[in-house]
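Q: Data file run-v1.txt (compact mmCIF, C-alpha atoms and all ligand atoms) is appended below.
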```txt
# COMPACT_ATOMS: atom_id res chain seq x y z
CA MET A 1 -80.29 28.44 -102.37
CA ARG A 2 -79.24 25.74 -104.83
CA ALA A 3 -76.01 27.64 -105.58
CA GLU A 4 -75.28 27.95 -101.87
CA LEU A 5 -75.85 24.23 -101.38
CA LEU A 6 -73.53 23.54 -104.29
CA ILE A 7 -70.79 25.69 -102.75
CA PHE A 8 -71.33 23.99 -99.39
CA PHE A 9 -70.96 20.50 -100.88
CA ARG A 10 -67.93 21.60 -102.89
CA LYS A 11 -66.31 22.86 -99.68
CA LEU A 12 -67.23 19.61 -97.94
CA TYR A 13 -65.64 17.67 -100.80
CA CYS A 14 -62.43 19.73 -100.57
CA PHE A 15 -62.35 19.19 -96.81
CA ARG A 16 -62.79 15.44 -97.27
CA ASN A 17 -59.93 15.40 -99.83
CA LEU A 18 -57.77 17.33 -97.40
CA CYS A 19 -58.50 14.75 -94.69
CA VAL A 20 -57.62 11.86 -97.02
CA VAL A 21 -54.34 13.57 -98.00
CA THR A 22 -53.54 14.21 -94.33
CA VAL A 23 -54.19 10.58 -93.34
CA ILE A 24 -52.09 9.28 -96.25
CA SER A 25 -49.28 11.72 -95.38
CA ALA A 26 -49.40 10.68 -91.75
CA LYS A 27 -49.21 7.00 -92.74
CA PHE A 28 -46.35 7.74 -95.13
CA PHE A 29 -44.36 9.63 -92.51
CA THR A 30 -45.01 6.91 -89.93
CA MET A 31 -43.66 4.29 -92.37
CA LEU A 32 -40.68 6.50 -93.17
CA TYR A 33 -40.02 7.06 -89.46
CA ASN A 34 -40.20 3.31 -88.73
CA ASP A 35 -37.78 2.58 -91.58
CA ILE A 36 -35.33 5.19 -90.31
CA ILE A 37 -35.51 3.74 -86.78
CA LYS A 38 -34.90 0.21 -88.12
CA LEU A 39 -31.89 1.42 -90.12
CA TYR A 40 -30.61 3.30 -87.09
CA GLN A 41 -30.93 0.17 -84.92
CA LYS A 42 -29.16 -1.89 -87.54
CA PHE A 43 -26.16 0.34 -87.99
CA MET A 44 -25.88 2.14 -84.69
CA LYS A 45 -25.02 0.23 -81.58
CA LEU A 46 -24.96 1.98 -78.27
CA ILE A 47 -21.42 0.93 -77.59
CA GLU A 48 -19.04 -1.58 -79.03
CA TRP A 49 -15.95 -3.07 -77.50
CA SER A 50 -12.74 -1.35 -78.55
CA GLU A 51 -9.10 -1.66 -77.51
CA GLU A 52 -9.46 1.65 -75.65
CA LEU A 53 -11.48 -0.26 -73.03
CA SER A 54 -8.82 -2.93 -72.59
CA VAL A 55 -7.12 -3.42 -69.21
CA ASN A 56 -4.49 -5.58 -70.94
CA VAL A 57 -5.57 -8.77 -69.15
CA LYS A 58 -7.41 -11.19 -71.43
CA GLU A 59 -9.57 -12.86 -68.79
CA ILE A 60 -10.79 -9.49 -67.49
CA ASP A 61 -11.24 -8.02 -70.98
CA ASP A 62 -13.39 -11.02 -71.90
CA GLN A 63 -15.58 -10.38 -68.85
CA HIS A 64 -15.81 -6.65 -69.66
CA LYS A 65 -16.90 -7.61 -73.18
CA LEU A 66 -19.80 -9.53 -71.60
CA PHE A 67 -20.74 -6.34 -69.77
CA VAL A 68 -20.72 -4.33 -73.00
CA GLY A 69 -22.79 -7.11 -74.59
CA LEU A 70 -25.31 -6.87 -71.76
CA MET A 71 -25.55 -3.09 -72.25
CA ASP A 72 -26.18 -3.68 -75.93
CA LYS A 73 -28.88 -6.23 -75.11
CA LEU A 74 -30.61 -3.75 -72.80
CA TYR A 75 -30.34 -1.00 -75.42
CA GLY A 76 -31.83 -3.38 -78.01
CA ALA A 77 -34.71 -4.21 -75.65
CA ILE A 78 -35.45 -0.50 -75.18
CA THR A 79 -35.30 0.49 -78.86
CA SER A 80 -37.43 -2.48 -79.96
CA ASN A 81 -40.05 -1.91 -77.25
CA GLN A 82 -39.23 -5.25 -75.64
CA ALA A 83 -38.20 -3.91 -72.24
CA THR A 84 -41.43 -5.12 -70.62
CA VAL A 85 -40.71 -8.69 -71.66
CA LEU A 86 -36.91 -8.83 -71.38
CA LEU A 87 -36.00 -6.56 -68.48
CA ASP A 88 -36.40 -9.06 -65.61
CA GLY A 89 -34.04 -11.51 -67.33
CA ILE A 90 -31.51 -8.76 -68.05
CA ILE A 91 -31.54 -7.67 -64.38
CA ASP A 92 -30.90 -11.29 -63.28
CA GLU A 93 -28.02 -11.55 -65.76
CA LEU A 94 -26.57 -8.27 -64.53
CA VAL A 95 -26.69 -9.40 -60.89
CA GLN A 96 -24.98 -12.71 -61.72
CA TYR A 97 -22.39 -10.93 -63.87
CA THR A 98 -21.60 -8.38 -61.16
CA ILE A 99 -21.01 -11.00 -58.46
CA PHE A 100 -18.92 -13.20 -60.76
CA HIS A 101 -16.85 -10.34 -62.28
CA PHE A 102 -16.08 -8.55 -59.02
CA SER A 103 -15.01 -11.81 -57.39
CA THR A 104 -12.55 -12.37 -60.26
CA GLU A 105 -10.98 -8.91 -59.90
CA GLU A 106 -10.85 -9.17 -56.11
CA LYS A 107 -9.26 -12.62 -56.27
CA TYR A 108 -6.31 -11.03 -58.10
CA PHE A 109 -6.24 -8.02 -55.72
CA ASN A 110 -5.67 -10.46 -52.85
CA GLN A 111 -3.27 -12.63 -54.80
CA PHE A 112 -1.07 -9.67 -55.87
CA ASN A 113 -1.58 -7.58 -52.73
CA TYR A 114 -2.87 -4.74 -54.89
CA GLU A 115 -2.28 -1.37 -53.19
CA HIS A 116 -5.64 0.19 -54.17
CA ALA A 117 -7.65 -2.92 -53.29
CA ASP A 118 -9.62 -1.36 -50.41
CA GLU A 119 -10.96 1.65 -52.32
CA HIS A 120 -11.66 -0.54 -55.36
CA LYS A 121 -13.63 -3.02 -53.24
CA ILE A 122 -15.68 -0.14 -51.78
CA ALA A 123 -16.52 0.97 -55.33
CA HIS A 124 -17.54 -2.64 -56.13
CA SER A 125 -19.81 -2.79 -53.07
CA ALA A 126 -21.57 0.41 -54.15
CA LEU A 127 -22.14 -0.94 -57.68
CA LEU A 128 -23.38 -4.30 -56.39
CA ALA A 129 -25.80 -2.53 -54.03
CA GLY A 130 -27.09 -0.49 -56.98
CA VAL A 131 -27.61 -3.63 -59.07
CA GLU A 132 -29.31 -5.51 -56.20
CA ASN A 133 -31.61 -2.53 -55.80
CA PHE A 134 -32.87 -2.91 -59.36
CA LYS A 135 -34.22 -6.34 -58.39
CA LYS A 136 -36.48 -4.63 -55.85
CA GLU A 137 -37.73 -2.22 -58.55
CA LYS A 138 -38.84 -4.96 -60.95
CA ASN A 139 -42.50 -4.07 -60.44
CA ASP A 140 -41.97 -0.43 -61.41
CA ASN A 141 -42.55 0.95 -64.91
CA LYS A 142 -40.33 -1.29 -67.03
CA ASN A 143 -39.44 1.30 -69.67
CA GLU A 144 -38.39 3.87 -67.10
CA LEU A 145 -36.45 1.25 -65.14
CA ALA A 146 -34.71 0.06 -68.33
CA MET A 147 -33.52 3.62 -69.08
CA LYS A 148 -32.39 4.04 -65.49
CA ILE A 149 -30.33 0.81 -65.63
CA LEU A 150 -28.80 1.78 -68.97
CA ASP A 151 -27.75 5.10 -67.50
CA PHE A 152 -26.29 3.28 -64.48
CA MET A 153 -24.30 0.94 -66.73
CA GLU A 154 -22.98 3.82 -68.83
CA ASN A 155 -21.69 5.50 -65.68
CA TRP A 156 -20.19 2.20 -64.56
CA LEU A 157 -18.33 1.95 -67.85
CA VAL A 158 -17.03 5.50 -67.81
CA GLU A 159 -16.35 5.94 -64.11
CA HIS A 160 -15.41 2.45 -62.96
CA LEU A 161 -14.00 0.48 -65.88
CA GLU A 162 -12.16 3.37 -67.50
CA ILE A 163 -10.74 4.79 -64.27
CA HIS A 164 -10.62 2.24 -61.43
CA ASP A 165 -10.14 -0.94 -63.45
CA LYS A 166 -7.40 0.50 -65.65
CA GLN A 167 -5.42 1.35 -62.51
CA TYR A 168 -4.68 -2.32 -61.78
CA THR A 169 -3.19 -3.06 -65.21
CA LYS A 170 0.36 -2.22 -64.10
CA CYS A 171 0.12 -4.38 -60.96
CA PHE A 172 -1.49 -7.36 -62.72
CA ASN A 173 0.98 -7.21 -65.63
CA GLU A 174 3.95 -6.95 -63.25
CA HIS A 175 2.74 -10.20 -61.67
CA GLY A 176 2.71 -11.85 -65.09
CA LEU A 177 -1.05 -11.67 -65.67
CA TYR A 178 -1.89 -10.57 -69.20
FE FE B 1 -14.17 -4.61 -64.06
FE FE B 2 -13.54 -3.23 -60.80
```
Go through the file and emit its structure as structure tokens.

A:
Amino acid sequence: MRAELLIFFRKLYCFRNLCVVTVISAKFFTMLYNDIIKLYQKFMKLIEWSEELSVNVKEIDDQHKLFVGLMDKLYGAITSNQATVLLDGIIDELVQYTIFHFSTEEKYFNQFNYEHADEHKIAHSALLAGVENFKKEKNDNKNELAMKILDFMENWLVEHLEIHDKQYTKCFNEHGLY
């Protein structure tokens, strides 16, 4: 009986050691994971401005850089778990940016009688409606909404800036706007 008790307590001791090792390992891997994430955030940005995004008009490029900066801010809020706190402000900034930026492009469409103005303005209206809609979703789950907006902005960059916006370069440049 005594020998059995001894074996039982020895097994219990081994089990306890195993638990301690598991907890320490879990803590170690959590620390390692957090360090990797911090390094990733430090060196990896979602997107950075490059000349490939240029429409060869300084005023417009400067505004597009603000857009990329806003995307980066949103990405930073998501990866640092700050979306709950920062998202409302980012949505307000995005709405203001959209109105201001589209009015700049459309001012030049009118001024230069740009041939693709109508279809470009329709694309602007759709984007503005999308952005305005995010204001109505402010009470939804912030993390999900943040991801949804980031996705929206990525599409905007790829489908609008890189295709529609680059189409007006020739017209704007021909009218002396660089
Ligand atoms: Fe644009
Ligand atoms: Fe545009």

Q: So how many Å separate atom CA of A:Phe112 and atom CA of A:Gln96, to one decimal?

A: 24.8 Å

Q: What is the distance between atom CA of A:Lys135 and atom CA of A:Asn155, in Å to one decimal?

A: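 A separation of 18.7 Å between them.
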
Q: Chain A near ligand FE 2 (chain B) within 10 Å: what's each residue's closest atom pair and its distance in Å to one decimal, counting all atoms listed in the file, ordered by chain then ascending residue number, as a Markdown table?

A:
```
| residue | atom | partner | partner_atom | distance |
| --- | --- | --- | --- | --- |
| A:Ile60 | CA | B:FE2 | FE | 9.6 |
| A:His64 | CA | B:FE2 | FE | 9.8 |
| A:Thr98 | CA | B:FE2 | FE | 9.6 |
| A:His101 | CA | B:FE2 | FE | 8.0 |
| A:Phe102 | CA | B:FE2 | FE | 6.2 |
| A:Ser103 | CA | B:FE2 | FE | 9.3 |
| A:Thr104 | CA | B:FE2 | FE | 9.2 |
| A:Glu105 | CA | B:FE2 | FE | 6.3 |
| A:Glu106 | CA | B:FE2 | FE | 8.0 |
| A:Ala117 | CA | B:FE2 | FE | 9.5 |
| A:His120 | CA | B:FE2 | FE | 6.4 |
| A:Lys121 | CA | B:FE2 | FE | 7.6 |
| A:Ile122 | CA | B:FE2 | FE | 9.8 |
| A:Ala123 | CA | B:FE2 | FE | 7.5 |
| A:His124 | CA | B:FE2 | FE | 6.2 |
| A:Ser125 | CA | B:FE2 | FE | 10.0 |
| A:Leu127 | CA | B:FE2 | FE | 9.4 |
| A:Trp156 | CA | B:FE2 | FE | 9.4 |
| A:Leu157 | CA | B:FE2 | FE | 10.0 |
| A:His160 | CA | B:FE2 | FE | 6.4 |
| A:Leu161 | CA | B:FE2 | FE | 6.3 |
| A:Glu162 | CA | B:FE2 | FE | 9.5 |
| A:Ile163 | CA | B:FE2 | FE | 9.2 |
| A:His164 | CA | B:FE2 | FE | 6.2 |
| A:Asp165 | CA | B:FE2 | FE | 4.9 |
| A:Lys166 | CA | B:FE2 | FE | 8.7 |
| A:Gln167 | CA | B:FE2 | FE | 9.5 |
| A:Tyr168 | CA | B:FE2 | FE | 9.0 |
```

Q: For A:Asp151, which residue out of A:Val85, A:Tyr33, A:Leu74, A:Lys65 is the nearest one, using all atoms listed in the file?

A: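 For A:Asp151, the nearest of the candidates is A:Leu74.
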
Q: Tell me, in Å to one decimal, how far atom CA of A:Thr169 is from atom CA of A:Val57.

A: 7.3 Å

Q: For ligand FE 1 (chain B), which residue out of A:Tyr178, A:Phe67, A:Tyr13, A:Phe28 is the nearest one, using all atoms listed in the file?

A: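 Ranking A:Tyr178, A:Phe67, A:Tyr13, A:Phe28 by distance to ligand FE 1 (chain B), first place goes to A:Phe67.
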
Q: Taking all atoms listed in the file into account, which of A:Leu87, A:Leu53, A:Leu150, A:Ala77 comes nearest ligand FE 1 (chain B)?

A: A:Leu53

Q: I'd like the contact shell of A:Leu70 - 10 Å cut-off, only C-alpha atoms, skipping same-chain residues fewer than 2 positions apart - returned as a ChimeraX atom specification.

A: /A:64-68,72-76,90-91,93-94,97,150,153

Q: Which residue, A:Asn143, A:Gln82, A:Asn34, A:Asn56, has the smallest gap to ligand FE 1 (chain B) when you use all atoms listed in the file?

A: A:Asn56

Q: Kindly indicate which residue among A:Phe134, A:Phe29, A:Phe100, A:Phe152 lies nearest to ligand FE 1 (chain B), using all atoms listed in the file for the distances.

A: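 Answer, going by the shortest atom-to-atom distance: A:Phe100.
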
Q: With distances taken over only C-alpha atoms and all ligand atoms, which residue among A:Glu115, A:Asp61, A:Asp92, A:Glu174 lies nearest ligand FE 1 (chain B)?

A: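 That would be A:Asp61, the residue with the smallest distance to ligand FE 1 (chain B).
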
Q: (-39.1, -8.1, -60.7) in this file's frame - what residues fall within 7 Å of it? Use all atoms listed in the file and give the answer as a compact mmCIF listing (two decimals) with C-alpha atoms, in the frame of the given file.

A:
```txt
# COMPACT_ATOMS: atom_id res chain seq x y z
CA ASP A 88 -36.40 -9.06 -65.61
CA LYS A 135 -34.22 -6.34 -58.39
CA LYS A 136 -36.48 -4.63 -55.85
CA GLU A 137 -37.73 -2.22 -58.55
CA LYS A 138 -38.84 -4.96 -60.95
CA ASN A 139 -42.50 -4.07 -60.44
```

Q: Quick one: axis-aligned box around all listed atoms of stretch 76-91 of chain A, 6 Å on every side, centre and edge lengths in Å to one decimal, written as JSON.

A:
```
{"center_x": -36.5, "center_y": -5.5, "center_z": -72.2, "size_x": 21.9, "size_y": 24.0, "size_z": 27.6}
```
